[in-house]
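So this block is input.txt, compact mmCIF, C-alpha atoms:
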```txt
# COMPACT_ATOMS: atom_id res chain seq x y z
CA MET O 1 190.52 149.04 87.42
CA SER O 2 193.89 150.16 86.10
CA ARG O 3 194.62 150.45 82.41
CA LEU O 4 197.05 147.53 82.59
CA SER O 5 194.56 145.14 84.20
CA PHE O 6 191.82 146.30 81.80
CA ALA O 7 194.09 145.65 78.82
CA GLY O 8 194.93 142.19 80.19
CA ALA O 9 191.26 141.34 80.69
CA LEU O 10 190.43 142.57 77.18
CA ALA O 11 193.26 140.47 75.72
CA ARG O 12 191.94 137.38 77.49
CA VAL O 13 188.43 138.03 76.16
CA PHE O 14 189.75 138.33 72.61
CA MET O 15 191.85 135.20 73.05
CA TRP O 16 188.91 133.13 74.28
CA ALA O 17 186.70 134.51 71.53
CA PHE O 18 189.32 133.57 68.94
CA LEU O 19 189.73 130.05 70.37
CA LEU O 20 185.95 129.56 70.47
CA ALA O 21 185.65 130.66 66.85
CA LEU O 22 188.47 128.31 65.90
CA VAL O 23 186.73 125.39 67.64
CA VAL O 24 183.52 126.14 65.75
CA VAL O 25 185.37 126.35 62.42
CA VAL O 26 187.12 123.01 63.03
CA VAL O 27 184.42 121.01 64.81
CA TYR O 28 181.31 122.12 62.91
CA PRO O 29 182.29 120.59 59.52
CA LEU O 30 183.08 117.29 61.25
CA LEU O 31 179.78 117.33 63.11
CA TRP O 32 177.91 118.24 59.92
CA MET O 33 179.56 115.33 58.09
CA VAL O 34 178.64 112.88 60.86
CA LEU O 35 175.01 114.02 60.98
CA ASN O 36 174.59 113.85 57.20
CA GLY O 37 175.86 110.29 57.27
CA PHE O 38 172.61 109.34 59.06
CA LYS O 39 170.27 111.05 56.57
CA THR O 40 168.59 110.00 53.37
CA ASN O 41 169.19 111.84 50.11
CA ALA O 42 165.81 113.55 50.44
CA GLU O 43 166.61 114.79 53.95
CA LEU O 44 170.07 115.96 52.89
CA PHE O 45 168.81 118.00 49.95
CA GLY O 46 165.72 119.14 51.83
CA ASP O 47 167.63 120.70 54.73
CA PRO O 48 171.35 119.86 54.93
CA PHE O 49 171.69 121.62 58.30
CA ALA O 50 168.79 119.92 60.12
CA LEU O 51 169.08 116.89 62.40
CA PRO O 52 168.29 113.47 60.87
CA VAL O 53 164.68 112.37 61.14
CA ASP O 54 165.61 108.69 61.46
CA TRP O 55 168.99 107.92 63.02
CA SER O 56 169.81 104.89 60.87
CA PHE O 57 173.22 103.27 60.38
CA ALA O 58 172.20 102.01 56.92
CA ASN O 59 174.50 104.46 55.13
CA TYR O 60 177.46 103.35 57.24
CA ALA O 61 176.70 99.72 56.45
CA LYS O 62 176.45 100.54 52.72
CA ALA O 63 179.75 102.41 52.76
CA TRP O 64 181.42 99.54 54.63
CA ASN O 65 180.14 96.93 52.17
CA ARG O 66 180.97 99.01 49.10
CA GLY O 67 184.69 98.95 49.67
CA VAL O 68 185.48 100.98 52.76
CA SER O 69 186.27 97.81 54.74
CA GLY O 70 188.95 96.87 52.19
CA TYR O 71 190.35 100.39 52.03
CA LEU O 72 190.48 100.49 55.83
CA THR O 73 192.35 97.18 55.98
CA THR O 74 194.91 98.37 53.43
CA SER O 75 195.41 101.68 55.26
CA VAL O 76 195.94 99.89 58.58
CA LEU O 77 198.48 97.47 57.08
CA VAL O 78 200.41 100.17 55.23
CA THR O 79 200.35 102.50 58.23
CA VAL O 80 201.52 99.91 60.76
CA THR O 81 204.29 98.43 58.60
CA SER O 82 205.64 101.77 57.35
CA THR O 83 205.58 103.22 60.87
CA VAL O 84 207.53 100.30 62.33
CA ALA O 85 210.05 100.36 59.46
CA THR O 86 210.50 104.15 59.50
CA VAL O 87 210.94 104.45 63.26
CA PHE O 88 213.31 101.48 63.51
CA VAL O 89 215.57 102.56 60.61
CA SER O 90 215.54 106.21 61.72
CA ALA O 91 216.33 105.38 65.35
CA TRP O 92 219.18 103.08 64.32
CA ALA O 93 220.55 105.74 61.96
CA ALA O 94 220.26 108.42 64.65
CA TYR O 95 222.10 106.14 67.08
CA GLY O 96 224.94 105.68 64.62
CA LEU O 97 225.18 109.40 63.91
CA THR O 98 225.21 110.45 67.56
CA ARG O 99 226.66 107.60 69.63
CA VAL O 100 229.22 106.00 67.31
CA ASP O 101 232.43 107.65 66.12
CA ILE O 102 232.36 106.91 62.40
CA PRO O 103 234.37 108.55 59.59
CA LEU O 104 232.58 111.31 57.64
CA ASN O 105 229.87 111.50 60.28
CA LYS O 106 228.87 115.03 59.29
CA VAL O 107 228.77 114.08 55.61
CA PHE O 108 226.38 111.21 56.26
CA THR O 109 224.26 113.46 58.47
CA GLY O 110 224.06 116.06 55.72
CA LEU O 111 223.12 113.46 53.09
CA ILE O 112 220.34 112.01 55.22
CA LEU O 113 218.93 115.37 56.23
CA GLY O 114 219.25 116.53 52.61
CA GLY O 115 216.34 114.22 51.89
CA LEU O 116 214.12 116.79 53.60
CA MET O 117 214.58 119.03 50.56
CA LEU O 118 213.40 116.41 48.05
CA ALA O 119 209.83 117.16 46.98
CA PRO O 120 207.77 114.03 46.26
CA THR O 121 206.19 115.57 43.15
CA VAL O 122 209.63 116.06 41.55
CA ALA O 123 210.46 112.37 41.93
CA LEU O 124 207.13 110.95 40.70
CA VAL O 125 208.09 110.18 37.09
CA PRO O 126 211.43 108.42 37.82
CA LEU O 127 209.84 106.57 40.73
CA VAL O 128 207.00 105.28 38.54
CA LYS O 129 209.46 104.03 35.93
CA MET O 130 211.67 102.44 38.60
CA PHE O 131 208.80 100.61 40.31
CA GLN O 132 207.42 99.44 36.97
CA SER O 133 210.80 97.98 36.02
CA MET O 134 211.01 96.28 39.42
CA GLY O 135 207.49 94.85 39.18
CA LEU O 136 206.36 96.72 42.30
CA TYR O 137 203.97 99.18 40.67
CA ASN O 138 200.35 98.85 41.83
CA SER O 139 201.37 96.88 44.90
CA PHE O 140 201.44 97.12 48.66
CA TRP O 141 205.25 97.14 48.60
CA ALA O 142 205.36 100.34 46.55
CA LEU O 143 203.51 102.28 49.25
CA LEU O 144 205.54 100.67 52.04
CA ILE O 145 208.85 101.64 50.42
CA LEU O 146 207.74 105.17 49.56
CA TYR O 147 206.18 105.97 52.93
CA THR O 148 209.27 104.68 54.68
CA ALA O 149 211.93 106.23 52.46
CA PHE O 150 210.42 109.71 52.29
CA ARG O 151 209.87 109.92 56.05
CA ILE O 152 213.26 108.62 57.20
CA PRO O 153 215.08 112.00 56.86
CA PHE O 154 212.51 113.90 58.96
CA THR O 155 212.20 111.14 61.54
CA THR O 156 215.98 110.74 61.79
CA PHE O 157 216.30 114.49 62.28
CA LEU O 158 213.89 114.45 65.23
CA ILE O 159 215.35 111.37 66.94
CA ARG O 160 218.94 112.56 66.38
CA ALA O 161 218.08 115.91 67.98
CA TYR O 162 216.88 114.04 71.07
CA MET O 163 219.71 111.48 71.22
CA ILE O 164 222.51 113.96 70.77
CA ASP O 165 222.22 115.25 74.35
CA LEU O 166 221.85 111.92 76.10
CA PRO O 167 224.81 111.43 78.47
CA ARG O 168 227.74 109.52 77.03
CA GLU O 169 228.31 107.90 80.41
CA VAL O 170 225.39 105.58 79.63
CA ASP O 171 227.24 104.11 76.63
CA GLU O 172 230.45 103.80 78.60
CA ALA O 173 228.69 101.99 81.44
CA ALA O 174 227.02 99.60 78.98
CA GLU O 175 230.36 98.90 77.30
CA MET O 176 232.03 98.19 80.67
CA ASP O 177 229.24 95.71 81.45
CA GLY O 178 230.00 93.88 78.21
CA ALA O 179 226.97 95.07 76.24
CA ARG O 180 227.35 95.24 72.48
CA ARG O 181 226.17 98.15 70.36
CA TRP O 182 222.89 96.44 69.50
CA THR O 183 222.15 95.64 73.14
CA ALA O 184 222.97 99.16 74.26
CA PHE O 185 220.76 100.62 71.55
CA TRP O 186 217.81 98.30 72.09
CA ARG O 187 217.77 98.03 75.89
CA ILE O 188 219.20 101.36 77.04
CA ILE O 189 219.17 104.19 74.47
CA LEU O 190 215.83 103.41 72.84
CA PRO O 191 213.87 103.33 76.14
CA MET O 192 215.46 106.66 77.06
CA CYS O 193 214.10 108.10 73.81
CA LYS O 194 210.50 107.10 74.56
CA PRO O 195 209.05 110.67 74.36
CA ILE O 196 210.43 111.41 70.90
CA ILE O 197 209.75 107.87 69.69
CA THR O 198 206.11 108.27 70.70
CA SER O 199 205.93 111.58 68.85
CA VAL O 200 207.42 110.29 65.61
CA VAL O 201 205.18 107.22 65.70
CA LEU O 202 202.08 109.40 65.95
CA LEU O 203 203.34 111.78 63.25
CA GLN O 204 204.10 108.89 60.91
CA ILE O 205 200.65 107.42 61.47
CA LEU O 206 198.97 110.75 60.72
CA PHE O 207 201.05 111.23 57.58
CA THR O 208 200.53 107.74 56.19
CA TRP O 209 196.82 107.60 56.99
CA ASN O 210 196.07 110.84 55.13
CA GLU O 211 198.62 110.66 52.29
CA TYR O 212 196.97 110.88 48.86
CA LEU O 213 199.49 111.61 46.09
CA PHE O 214 201.59 108.44 46.28
CA ALA O 215 198.54 106.29 47.01
CA MET O 216 196.74 107.64 43.94
CA VAL O 217 199.70 107.34 41.54
CA PHE O 218 201.14 104.01 42.67
CA THR O 219 197.93 102.02 43.33
CA SER O 220 195.79 103.27 40.45
CA GLY O 221 193.24 100.61 39.54
CA SER O 222 194.68 98.03 41.92
CA GLY O 223 193.10 96.24 44.85
CA VAL O 224 195.40 97.84 47.43
CA GLN O 225 193.95 101.33 47.51
CA THR O 226 194.12 103.20 50.80
CA LEU O 227 191.26 105.16 52.34
CA PRO O 228 191.97 108.58 50.72
CA VAL O 229 192.03 107.06 47.22
CA GLY O 230 189.23 104.63 48.04
CA LEU O 231 186.93 107.42 49.19
CA THR O 232 187.57 109.26 45.92
CA SER O 233 186.58 106.09 44.07
CA LEU O 234 183.50 105.73 46.27
CA MET O 235 182.51 109.31 45.50
CA SER O 236 182.87 108.80 41.75
CA LYS O 237 180.84 105.58 41.79
CA HIS O 238 178.13 106.64 44.25
CA GLY O 239 178.26 110.42 43.95
CA THR O 240 174.47 110.67 43.87
CA GLU O 241 174.27 108.96 47.28
CA PHE O 242 175.93 111.67 49.28
CA PRO O 243 174.96 110.28 52.72
CA VAL O 244 176.85 107.06 51.88
CA VAL O 245 179.90 109.09 50.87
CA PHE O 246 179.70 111.10 54.11
CA ALA O 247 179.44 107.88 56.10
CA GLY O 248 182.60 106.58 54.42
CA MET O 249 184.40 109.80 55.27
CA VAL O 250 183.36 109.49 58.91
CA ILE O 251 184.67 105.91 59.10
CA ALA O 252 187.99 107.10 57.66
CA ALA O 253 188.23 110.08 60.03
CA VAL O 254 187.35 108.37 63.32
CA PRO O 255 190.70 106.54 63.88
CA VAL O 256 192.75 109.68 63.20
CA VAL O 257 190.56 111.91 65.37
CA LEU O 258 190.78 109.45 68.28
CA LEU O 259 194.54 109.10 67.82
CA PHE O 260 195.00 112.86 67.86
CA LEU O 261 192.78 113.36 70.90
CA PHE O 262 194.64 110.77 72.96
CA GLY O 263 198.12 111.45 71.58
CA GLN O 264 198.34 115.21 71.12
CA ARG O 265 200.14 115.84 74.41
CA TYR O 266 202.74 113.20 73.53
CA ILE O 267 203.32 114.83 70.14
CA VAL O 268 203.83 118.27 71.64
CA LYS O 269 206.02 117.03 74.51
CA GLY O 270 208.18 114.85 72.29
CA LEU O 271 208.72 117.55 69.68
CA ALA O 272 209.47 120.16 72.35
CA ASP O 273 212.00 117.86 74.00
CA GLY O 274 213.58 116.86 70.70
CA ILE O 275 213.78 120.11 68.75
CA GLY O 276 214.40 122.16 71.88
CA LYS O 277 217.54 120.25 72.79
```

So that I can check it, write out the structure of this file as structure tokens.
Amino acid sequence: MSRLSFAGALARVFMWAFLLALVVVVVYPLLWMVLNGFKTNAELFGDPFALPVDWSFANYAKAWNRGVSGYLTTSVLVTVTSTVATVFVSAWAAYGLTRVDIPLNKVFTGLILGGLMLAPTVALVPLVKMFQSMGLYNSFWALLILYTAFRIPFTTFLIRAYMIDLPREVDEAAEMDGARRWTAFWRIILPMCKPIITSVVLLQILFTWNEYLFAMVFTSGSGVQTLPVGLTSLMSKHGTEFPVVFAGMVIAAVPVVLLFLFGQRYIVKGLADGIGK
């Protein structure tokens, strides 16, 4: 065997060893959390790394009845509405910035993309005061507005990067056929942007589902807490029942894990097509 082929084989061995170690590091904590959700407190403290003696769903039922069902409903509503609003507004803005000749186009582009530099923590105090004065503090609408507004710059950036290289002949053909701007956007341009739209939808869902800072500050003590904040509340109230807490964490993690498993190739493809253009 030549030195070159030996070096290549050794590199592949190290690569597979690294990937296997990474899988163990990522998967093992999830598996450990799932297994401990089936245990009793005595089993958990007796041997936290052993398999459950009795595979009972009692802890999952307790977690569901102690508030996780409500937190899950709120998370689903906030995630769906903010995703639809963010993607629609961002796609429409990207269409205007790339397909319509408007004055100060570059200025508007710079202002929108400048939102990427605004850190949420810097804006917390003025945002709290503003929402309190508007009567939106501790409400579903506060989260919807925040999750939409803070994600529009990033989402617009991605969709604009994809739209900017779409052929102009498509717009000209639509105009010759008598289609208005709205029709051309909705029935022609938007379907052509399906890869990047799919990516930004999945990214928005992942962001909203796991976001903690805004949810903690703007829904403190209200009945519209999302899963991240709700699980913290569950832990503080039932901290001695760790299996119930683990069961609640599993319920919260399952939708995101499934979404990532089935949507990861769309995320990668859409981002590659968008940013690479």

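For the residues O:Val201, O:Leu258, O:Val250, O:Ile112, ranking by smallest atom-to-atom distance to O:Gly37 using all atoms listed in the file places O:Val250 first.
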
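Distances to O:Leu231 were evaluated for O:Val68, O:Leu77, O:Ala94, O:Ala149 using all atoms listed in the file, and the minimum falls at O:Val68.
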
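With atom CA of O:Trp141 on one side and atom CA of O:Ser220 on the other, the separation reads 13.9 Å.
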
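Across O:Phe131, O:Phe154, O:Trp64, O:Phe14, the tightest approach to O:Leu118 is made by O:Phe154 when counting only C-alpha atoms.
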
Nearest residue to O:Thr81 from the set O:Leu158, O:Leu143, O:Ile152, O:Ala21 (distances using all atoms listed in the file): O:Leu143

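Once all atoms listed in the file are considered, the residues situated within 12 Å of the file point (191.3, 104.6, 64.8) turn out to be O:Leu72, O:Thr73, O:Ser75, O:Val76, O:Thr79, O:Val80, O:Leu202, O:Ile205, O:Leu206, O:Trp209, O:Val250, O:Ile251, O:Ala252, O:Ala253, O:Val254, O:Pro255, O:Val256, O:Val257, O:Leu258, O:Leu259, O:Phe260, O:Leu261, O:Phe262, O:Gly263.
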
With only C-alpha atoms counted and 10 Å as the cut-off, give the residues of stretch 103-172 of chain O in contact with stretch 85-89 of chain O, each with its shortest interatomic distance in Å and the pair that gives it, as CSV.
```
residue,atom,partner,partner_atom,distance
O:Leu144,CA,O:Ala85,CA,8.7
O:Ile145,CA,O:Ala85,CA,9.2
O:Tyr147,CA,O:Thr86,CA,8.1
O:Thr148,CA,O:Thr86,CA,5.0
O:Ala149,CA,O:Thr86,CA,7.5
O:Phe150,CA,O:Thr86,CA,9.1
O:Arg151,CA,O:Thr86,CA,6.8
O:Ile152,CA,O:Thr86,CA,5.7
O:Pro153,CA,O:Thr86,CA,9.5
O:Phe154,CA,O:Thr86,CA,10.0
O:Thr155,CA,O:Val87,CA,7.0
O:Thr156,CA,O:Val87,CA,8.2
O:Ile159,CA,O:Val87,CA,9.0
```

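Each of O:Tyr71, O:Phe242, O:Trp186, O:Phe157 was checked against O:Ala215 using all atoms listed in the file; the smallest atom-to-atom distance is that of O:Tyr71.
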